[in-house]
Amino acid sequence: MAWPVRYKMSALLFCGSVINYVDRVNISVAAPVIMKETGWPKDVFSWVFSSFLIGYALLQLPGGAIADRWSGKKVLTLAFCGFSLFTLLTPLGAHIFFLLLTMRFLVGAFESMTFPAVTSINSRWIPRPEFGRAHTFSISGITVGQMVAYPLTAWIISQSSWQIVFYINASFGLVWAAVWWWYATDTPAEHPAVSPEERKHIEAHLLPRSTTQLPLRVLLTTIPLLVLSFAYMCFAYIGWLFLFWFPTYLIEARGFSMAGMSTAGVLLHGGGFIGLVGGGALGDWFLRRGWSPQFVRARLGGIGLTLSLPFLLGAALVPSPILCVIFQIIFYLLFASALAGFSTVAIEFNPQLAGAIFGLINTLGTFAGFFGPLTAGYMLVGSGGNWLLPFFVSTAVGAVCATILFLVPIRPIKLETLVSPPIAVRQAAH
């Protein structure tokens, strides 16, 4: 029996998210080699990481809003072509620091549109009872991409040079964009391969949509959404710090070789994949049994995050490098489970603007993420290479995030309470 088209769409989005994260992680895996070749110290190179995040914050909200109102298919095609082009050009900055910052900024700017657009597309393609599983699978390439990036980047560098990494990665993105443009549509109704039965099933289980436009100013003044976005800021601070500095930590602080670091990275992000997809599946299981979106989208993530923090702190304190990696794998599995809630909560606030809502959440998270790798670089230089300080700070930030997830209310933003009545109606009321 053939797969339903929505499953094929999810599989294609999964492949896209793999490529997306290979393109952003490659520089962190190559960082020890680049710093050695160029002589740039950690506090200087941390700006390379953070320049990506400045760009990544730029188009999150506009990208989601445009996908909601125009076309998620076109936004994703533009994003992949853009970040693949500037990935291809990244080696031009090998000895010109400002040029490297510019290339990474532009990679981040185009990548910023991708996940809000994916959220918008899935809000039109995935029935709500399946949304947690399907959406987290669609974006689970963020962990698989890192699993691929570690050994692939290390192998390419060992066989050739770090510059070749970016040429190969860019080609992946351009090929995906061509396949996506050929196969995808914005809605099931537009796709020629969708059967009447599948279309009926999808449309019957989507959350209600309205033709009334919800002003973006409402998103910026909805307190629960802003509080949740602040929680994601805390979450992203840890995630981005971990993403960019983990390879260097294993090599410098734990004595791993390039090959050993890449193996540890595969295992780590394999745990993240299980946590993310498992968190989405578990959330759907609770929803089908009548648990509230409040629990599924927020408190469930708070539980996973709370359980992860002792392992994060323990990883820094244990003397054994192997035990350190084991603790980090358990930490990342539990930590990633919280992302299932953050990434699916947008449809609970308002499915009509799911892309814009997730864009807002991710924008604020990225601003915080900018400080993660940057402050870690300065902490390491200022403390003479003491890696304990970033771990302690991350644990404290994680405790704040978990507390918010237990307390923040998740309520739909109702259009009828936000749109002012016509002037004639207001006059009649007087």
# chains A, B, ... in the order shown; residues from 1 in each chain; ligands from 1

$ residues_around --residues "Ile410 (chain A)" --least-positions-apart "4" --cutoff "9 Å" --atoms "only C-alpha atoms" --output "list of chain:residue names"
A:Pro224, A:Leu225, A:Leu228, A:Pro293, A:Gln294, A:Phe295, A:Arg297, A:Ala298, A:Val345, A:Glu348, A:Phe349

$ residues_around --residues "region 165-175 of chain A" --least-positions-apart "4" --cutoff "6 Å" --atoms "only C-alpha atoms" --output "PyMOL selection string"
chain A and resi 80-81+84+87-88

$ write_last_selection --atoms "N, CA and C atoms" --output "PDB file, in the first residue's frame"
ATOM      1  N   PHE A  80      16.334  27.643   0.897  1.00  0.00           N
ATOM      2  CA  PHE A  80      17.358  26.637   0.611  1.00  0.00           C
ATOM      3  C   PHE A  80      18.334  27.109  -0.467  1.00  0.00           C
ATOM      4  N   CYS A  81      17.821  27.788  -1.472  1.00  0.00           N
ATOM      5  CA  CYS A  81      18.732  28.309  -2.497  1.00  0.00           C
ATOM      6  C   CYS A  81      19.666  29.352  -1.895  1.00  0.00           C
ATOM      7  N   SER A  84      22.238  27.777   0.723  1.00  0.00           N
ATOM      8  CA  SER A  84      23.189  26.909   0.014  1.00  0.00           C
ATOM      9  C   SER A  84      24.221  27.745  -0.744  1.00  0.00           C
ATOM     10  N   THR A  87      26.645  29.141   1.838  1.00  0.00           N
ATOM     11  CA  THR A  87      27.492  28.055   2.325  1.00  0.00           C
ATOM     12  C   THR A  87      28.612  27.786   1.324  1.00  0.00           C
ATOM     13  N   LEU A  88      28.262  27.787   0.047  1.00  0.00           N
ATOM     14  CA  LEU A  88      29.241  27.578  -1.016  1.00  0.00           C
ATOM     15  C   LEU A  88      30.346  28.638  -0.975  1.00  0.00           C
TER      16      LEU A  88
END

$ residues_around --residues "region 375-389 of chain A" --least-positions-apart "6" --cutoff "8 Å" --atoms "only C-alpha atoms" --output "compact mmCIF listing (two decimals) with N, CA and C atoms, in the first residue's frame"
# COMPACT_ATOMS: atom_id res chain seq x y z
N LYS A 42 39.50 31.73 20.73
CA LYS A 42 38.09 31.37 20.95
C LYS A 42 37.18 32.58 21.07
N ASP A 43 37.61 33.63 21.78
CA ASP A 43 36.72 34.77 21.95
C ASP A 43 36.47 35.47 20.61
N VAL A 44 37.46 35.46 19.73
CA VAL A 44 37.27 36.04 18.39
C VAL A 44 36.40 35.12 17.53
N PHE A 45 36.69 33.80 17.55
CA PHE A 45 35.94 32.88 16.70
C PHE A 45 34.50 32.74 17.16
N SER A 46 34.22 33.01 18.42
CA SER A 46 32.84 32.93 18.89
C SER A 46 31.94 33.90 18.13
N LEU A 241 24.69 27.05 22.58
CA LEU A 241 26.01 26.91 23.21
C LEU A 241 26.52 25.48 23.02
N TYR A 249 34.94 21.30 23.00
CA TYR A 249 35.02 20.82 24.38
C TYR A 249 35.57 19.41 24.45
N ALA A 253 39.01 19.74 26.25
CA ALA A 253 38.83 19.48 27.67
C ALA A 253 38.85 17.99 28.00
N ALA A 316 29.94 17.68 33.36
CA ALA A 316 31.09 18.55 33.57
C ALA A 316 31.94 18.11 34.75
N LEU A 317 31.35 17.38 35.67
CA LEU A 317 32.03 17.09 36.93
C LEU A 317 32.70 15.72 36.97

$ closest_residue --among "A:Val48, A:Cys324, A:Ile34, A:Ile121" --to "Leu106 (chain A)" --atoms "only C-alpha atoms"
A:Val48

$ select_by_dssp --residues "region 273-393 of chain A" --states "alpha helix (DSSP H)" --output "ChimeraX atom specification"
/A:273-288,293-294,300-317,321-344,346-349,354-382,388-393

$ residues_around --residues "Lys74 (chain A)" --least-positions-apart "5" --cutoff "10 Å" --atoms "only C-alpha atoms" --output "list in words"
Ile66, Ala67, Ala79, Ala117, Ala177, Trp180, Trp181, Ala184, Thr185 and Asp186 of chain A

$ closest_residue --among "A:Phe273, A:Phe52, A:Phe256, A:Phe311" --to "Ser337 (chain A)" --atoms "only C-alpha atoms"
A:Phe273

$ residues_around --residues "Ala338 (chain A)" --least-positions-apart "4" --cutoff "9 Å" --atoms "only C-alpha atoms" --output "PyMOL selection string"
chain A and resi 235+275-276+279+297-305+334+342-343

$ write_last_selection --atoms "C-alpha atoms" --output "PDB file, in the first residue's frame"
ATOM      1  CA  PHE A 235      16.217  26.844  26.123  1.00  0.00           C
ATOM      2  CA  GLY A 275      14.099  12.581  22.543  1.00  0.00           C
ATOM      3  CA  LEU A 276      12.570  14.879  19.918  1.00  0.00           C
ATOM      4  CA  GLY A 279       8.491  13.712  22.794  1.00  0.00           C
ATOM      5  CA  ARG A 297       2.861  21.511  24.904  1.00  0.00           C
ATOM      6  CA  ALA A 298       4.399  23.016  28.056  1.00  0.00           C
ATOM      7  CA  ARG A 299       4.489  20.972  31.253  1.00  0.00           C
ATOM      8  CA  LEU A 300       5.608  17.757  29.564  1.00  0.00           C
ATOM      9  CA  GLY A 301       8.606  19.650  28.209  1.00  0.00           C
ATOM     10  CA  GLY A 302       9.233  21.103  31.657  1.00  0.00           C
ATOM     11  CA  ILE A 303       9.432  17.590  33.069  1.00  0.00           C
ATOM     12  CA  GLY A 304      11.942  16.473  30.424  1.00  0.00           C
ATOM     13  CA  LEU A 305      14.058  19.576  30.889  1.00  0.00           C
ATOM     14  CA  LEU A 334      15.770  14.581  27.742  1.00  0.00           C
ATOM     15  CA  PHE A 342       8.104  24.329  21.759  1.00  0.00           C
ATOM     16  CA  SER A 343       7.893  23.324  18.095  1.00  0.00           C
TER      17      SER A 343
END

$ atom_distance --atom1 "CA of Val107 (chain A)" --atom2 "CA of Phe86 (chain A)"
5.6 Å

$ closest_residue --among "A:Val296, A:Leu250, A:Ala399, A:Ile19" --to "Pro32 (chain A)" --atoms "only C-alpha atoms"
A:Leu250

$ closest_atom_pairs --of "region 145-263 of chain A" --to "region 361-371 of chain A" --cutoff "9 Å" --atoms "only C-alpha atoms" --output "tab-separated table"
residue	atom	partner	partner_atom	distance
A:Leu225	CA	A:Ile361	CA	7.9
A:Leu226	CA	A:Ile361	CA	7.8
A:Leu228	CA	A:Ile361	CA	7.6
A:Ser229	CA	A:Ile361	CA	4.7
A:Phe230	CA	A:Leu364	CA	7.1
A:Ala231	CA	A:Gly365	CA	8.2
A:Tyr232	CA	A:Gly365	CA	5.3
A:Met233	CA	A:Gly365	CA	3.8
A:Cys234	CA	A:Ala368	CA	6.9
A:Phe235	CA	A:Gly365	CA	7.4
A:Ala236	CA	A:Gly369	CA	5.2
A:Tyr237	CA	A:Gly369	CA	4.3
A:Ile238	CA	A:Gly369	CA	7.5
A:Gly239	CA	A:Gly369	CA	7.5
A:Trp240	CA	A:Gly369	CA	5.5
A:Leu241	CA	A:Gly369	CA	7.2

$ atom_distance --atom1 "CA of Ala281 (chain A)" --atom2 "CA of Ser138 (chain A)"
12.6 Å

$ closest_residue --among "A:Gln60, A:Asn26, A:Thr222, A:Ser195" --to "Trp162 (chain A)" --atoms "only C-alpha atoms"
A:Asn26

$ residues_around --residues "Gly55 (chain A)" --least-positions-apart "3" --cutoff "7 Å" --atoms "only C-alpha atoms" --output "compact mmCIF listing (two decimals) with C-alpha atoms, in the first residue's frame"
# COMPACT_ATOMS: atom_id res chain seq x y z
CA SER A 51 27.09 36.14 13.37
CA PHE A 52 25.10 33.17 12.07
CA LEU A 58 16.43 38.34 11.13
CA PHE A 105 25.38 35.98 8.71
CA LEU A 106 23.79 35.42 5.29
CA GLY A 108 21.73 32.36 9.04
CA ALA A 109 19.41 34.92 7.44

$ closest_residue --among "A:Ser394, A:Asn122, A:Thr114, A:Thr403" --to "Tyr7 (chain A)" --atoms "only C-alpha atoms"
A:Asn122
